[in-house]
Amino acid sequence: MQQLEALTREAIALAAKAPLEIEAARQMEICNACRYCEGFCAVFPAMTRRLSFDKVDIHYLANLCHNCGACLHACQYAPPHEFAVNVPRTMAQVRATTYEEFAWPPAFALAYRRNGLAISLATAAGIALFLAMVVAMRGSLSGAGLVGNFYAIFPHNLMVSMFGAVFAFALLALSMGASHFWRTQSQPYDSKLAKGSATEAIHDVLTLKYLDGGHGQGCNNADDSFTLWRRRFHHFTFYGFMLCFASTSVATLYHYLLNLHAPYALTSLPVLLGTAGGIGLLVGPAGLFVLNLRRHRMQMDTAQRPMDLGFIALLFLTSATGLLLLALRETAAMPLLLAVHLGVVLALFALLPYGKFAHAVYRAAALLKYAIEKRQPNRLQLGSD
Ligand code: HEM
Ligand code: SF4
Ligand code: SF4
């Protein structure tokens with residue numbers, strides 16, 4: 001036992017100087033011997049399929065981790081124990097390195113470190129100011145008499161090309177990152193056995209299964225008590241975002257297929273979807289903001305807090321300015337509100353691939369890999385699944 005402790009002390013000293021992936025591998029080796037947390041989430045069953053952990057394994061496990069905190073609060077080897085096991089924080093730190101490693105174009109990798117609350121707000125304010133100046137120069141700063149006709153301020157084709165270009169770039173950057181990550185991760189699988197894995201991964205994404213701590217009572221946030229609020233507020237955010245996206249897509253179909261042009265009636269499908277999504281996107285980010293500020297410091301990588309808060313703030317402002325624009329669309333304030341709303345949305349899309357949103361694509365990829373892998377025979381014959 002003394003020998004094991006001496007070895008561990010030596011390993012900790014080495015790990016302090018080594019890349020994060022080596023520190024994460026050290027902790028996984030301790031967990032693999034302990035296995036107390038096996039039932040908490042997908043990370044531990046995936047871990048038991050391995051005896052050693054290379055960089056690819058660690059990137060996979062880090063993105064599989066949902067930072068629910070259960071394994072930190074339950075761990076007998078967590079600091080101040082000298083083994084210093086802190087899986088949620090270490091995995092959060094590794095996740096940030098995967099975002100940088102797979103960033104596209106690679107030159108933009110460092111944007112993840114800079115993309116905080118100040119940058120998010122400054123980008124939104126800068127674009128909004130620029131658009132407001134354009135409106136002022138064209139002499140359309142007063143919306144009196146325009147009865148919500150946004151295209152009198154910014155022509156439809158201009159808006160489509162502005163948003164289309166930014167959105168297409170964000171989509172391309174995220175897809176390149178995700179496909180590079182997937183190529184490093186994929187292994188030869190028996191495709192017959194993999195049947196049903198995509199459905200399971202989609203289910204795990206849509207229900208955020210692994211924010212339940214493994215027992216359905218929820219995850220940890222401020223302390224060792226369980227809460228379902230993190231999952232609920234994420235659902236408000238996620239589904240709110242999806243509904244807003246659906247609203248824009250339906251409006252595009254109305255415009256091009258049915259030749260029906262905005263402004264749409266309050267009872268129309270685009271407005272109803274946008275209003276419901278907007279409410280979700282107010283409630284969810286507001287709740288996540290409060291929970292983030294209250295989160296146990298040991299459970300998180302505090303260096304990533306500015307990035308989290310920047311993304312949360314842009315989501316909240318997208319919704320707040322959108323709902324305000326809807327409420328005041330027939331008043332003189334409409335052109336200015338439109339410039340502010342478009343500024344926030346453009347900033348959100350432009351920063352999408354280089355901030356917190358990246359977790360969505362890498363986590364979805366890790367969940368898919370887990371769903372495939374668990375259907376394959378366990379070559380070690382040691383795990384529980
Ligand atoms: C594949 C889909 C997704 C999965 C599996 C997922 C999962 C998670 C998990 C587990 C967390 C908590 C841990 C952490 O902070 O890293 C989280 C945080 C967050 N997610 Fe997602 N997410 C997904 C998509 C989205 C989408 C589409 C949005 C919004 C557009 C979103 C917004 C957020 C926000 C704002 C946070 C930050 C919460 C905080 O820092 O307190 N997520 N997500
Ligand atoms: S986190 Fe701690 S308690 Fe859980 S498996 Fe690892 S070493 Fe064991
Ligand atoms: S923090 Fe939660 S999701 Fe992450 S490894 Fe620990 S128990 Fe699993």
# chains A, B, ... in the order shown; residues from 1 in each chain; ligands from 1
call {"tool": "select_by_dssp", "arguments": {"residues": "stretch 195-281 of chain A", "states": "strand (DSSP E)", "output": "list in words"}}
result
Cys219, Asn220, Phe226 and Thr227 of chain A
call {"tool": "residues_near_ligand", "arguments": {"ligand": "ligand 3", "cutoff": "6 Å", "atoms": "only C-alpha atoms and all ligand atoms", "output": "number ranges by chain"}}
result
A: 40-41, 43, 65-71, 87-88
call {"tool": "residues_around", "arguments": {"residues": "stretch 354-359 of chain A", "least_positions_apart": "4", "cutoff": "7 Å", "atoms": "only C-alpha atoms", "output": "short mmCIF file (atom, residue, chain, number, x, y, z; two decimals) with C-alpha atoms, in the first residue's frame"}}
result
data_model
loop_
_atom_site.label_atom_id
_atom_site.label_comp_id
_atom_site.auth_asym_id
_atom_site.auth_seq_id
_atom_site.Cartn_x
_atom_site.Cartn_y
_atom_site.Cartn_z
CA TYR A 99 -12.26 22.09 -29.22
CA ALA A 111 -10.49 32.02 -30.34
CA TYR A 112 -11.85 29.54 -27.74
CA ASN A 115 -14.30 34.16 -26.55
CA MET A 307 -16.90 31.36 -22.48
CA ASP A 308 -19.99 29.72 -20.91
CA PHE A 311 -22.73 32.09 -24.95
CA ARG A 363 -20.90 15.51 -27.14
#
call {"tool": "residues_near_ligand", "arguments": {"ligand": "ligand 2", "cutoff": "7 Å", "atoms": "only C-alpha atoms and all ligand atoms", "output": "list in words"}}
result
Met28, Ile30, Cys31, Asn32, Cys34, Arg35, Tyr36, Cys37, Glu38, Cys71, Leu72, Ala74, Cys75, Gln76, Tyr77, Ala78, Val85, Asn86 and Val87 of chain A
call {"tool": "write_last_selection", "arguments": {"atoms": "N, CA and C atoms", "output": "CSV table (one decimal), in the first residue's frame"}}
result
chain,number,residue,atom,x,y,z
A,28,MET,N,-8.2,8.1,-14.7
A,28,MET,CA,-9.0,7.0,-15.2
A,28,MET,C,-8.5,5.6,-14.8
A,30,ILE,N,-7.0,5.1,-11.9
A,30,ILE,CA,-7.4,4.9,-10.5
A,30,ILE,C,-8.9,4.5,-10.5
A,31,CYS,N,-9.7,5.2,-11.3
A,31,CYS,CA,-11.1,4.9,-11.4
A,31,CYS,C,-11.4,3.5,-11.8
A,32,ASN,N,-10.5,3.0,-12.8
A,32,ASN,CA,-10.7,1.7,-13.3
A,32,ASN,C,-10.4,0.6,-12.3
A,34,CYS,N,-11.0,1.3,-9.0
A,34,CYS,CA,-12.0,1.6,-7.9
A,34,CYS,C,-13.4,1.2,-8.4
A,35,ARG,N,-13.9,1.8,-9.5
A,35,ARG,CA,-15.2,1.5,-10.1
A,35,ARG,C,-16.4,1.8,-9.3
A,36,TYR,N,-16.2,2.6,-8.2
A,36,TYR,CA,-17.4,2.9,-7.4
A,36,TYR,C,-18.5,3.6,-8.2
A,37,CYS,N,-18.1,4.4,-9.2
A,37,CYS,CA,-19.0,5.3,-9.9
A,37,CYS,C,-19.6,4.7,-11.2
A,38,GLU,N,-19.4,3.4,-11.3
A,38,GLU,CA,-19.8,2.7,-12.5
A,38,GLU,C,-21.2,3.0,-13.0
A,71,CYS,N,-19.6,12.1,-9.7
A,71,CYS,CA,-18.4,11.3,-9.3
A,71,CYS,C,-17.4,12.1,-8.5
A,72,LEU,N,-17.5,13.4,-8.5
A,72,LEU,CA,-16.6,14.2,-7.6
A,72,LEU,C,-17.1,14.2,-6.2
A,74,ALA,N,-19.0,12.0,-4.8
A,74,ALA,CA,-19.0,10.6,-4.2
A,74,ALA,C,-17.6,10.1,-4.0
A,75,CYS,N,-16.6,10.8,-4.5
A,75,CYS,CA,-15.2,10.2,-4.5
A,75,CYS,C,-14.4,10.3,-3.2
A,76,GLN,N,-14.0,9.1,-2.8
A,76,GLN,CA,-13.1,9.1,-1.6
A,76,GLN,C,-11.7,9.5,-1.9
A,77,TYR,N,-11.4,9.6,-3.2
A,77,TYR,CA,-10.0,10.0,-3.5
A,77,TYR,C,-9.9,11.4,-4.1
A,78,ALA,N,-11.0,12.2,-3.9
A,78,ALA,CA,-11.0,13.6,-4.4
A,78,ALA,C,-10.1,14.4,-3.4
A,85,VAL,N,-8.2,12.9,-7.2
A,85,VAL,CA,-9.1,12.6,-8.4
A,85,VAL,C,-10.2,13.6,-8.5
A,86,ASN,N,-10.3,14.3,-9.6
A,86,ASN,CA,-11.4,15.2,-9.9
A,86,ASN,C,-11.8,15.0,-11.3
A,87,VAL,N,-12.6,14.0,-11.6
A,87,VAL,CA,-13.0,13.7,-13.0
A,87,VAL,C,-13.7,14.8,-13.7
call {"tool": "closest_residue", "arguments": {"among": "A:Glu200, A:Cys219, A:Tyr362, A:Tyr151", "to": "A:Thr97", "atoms": "only C-alpha atoms"}}
result
A:Tyr362
call {"tool": "select_by_dssp", "arguments": {"residues": "stretch 96-311 of chain A", "states": "alpha helix (DSSP H)", "output": "PyMOL selection string"}}
result
chain A and resi 96-101+111-114+117-137+156-185+197-207+229-257+269-294+305-311
call {"tool": "residues_around", "arguments": {"residues": "stretch 349-353 of chain A", "least_positions_apart": "3", "cutoff": "7 Å", "atoms": "only C-alpha atoms", "output": "NGL selection string"}}
result
:A and (166-167 or 170 or 173-174 or 345-346 or 357-358)
call {"tool": "closest_residue", "arguments": {"among": "A:Met176, A:Ala84, A:Leu121, A:Ala262", "to": "A:Pro155", "atoms": "only C-alpha atoms"}}
result
A:Ala262
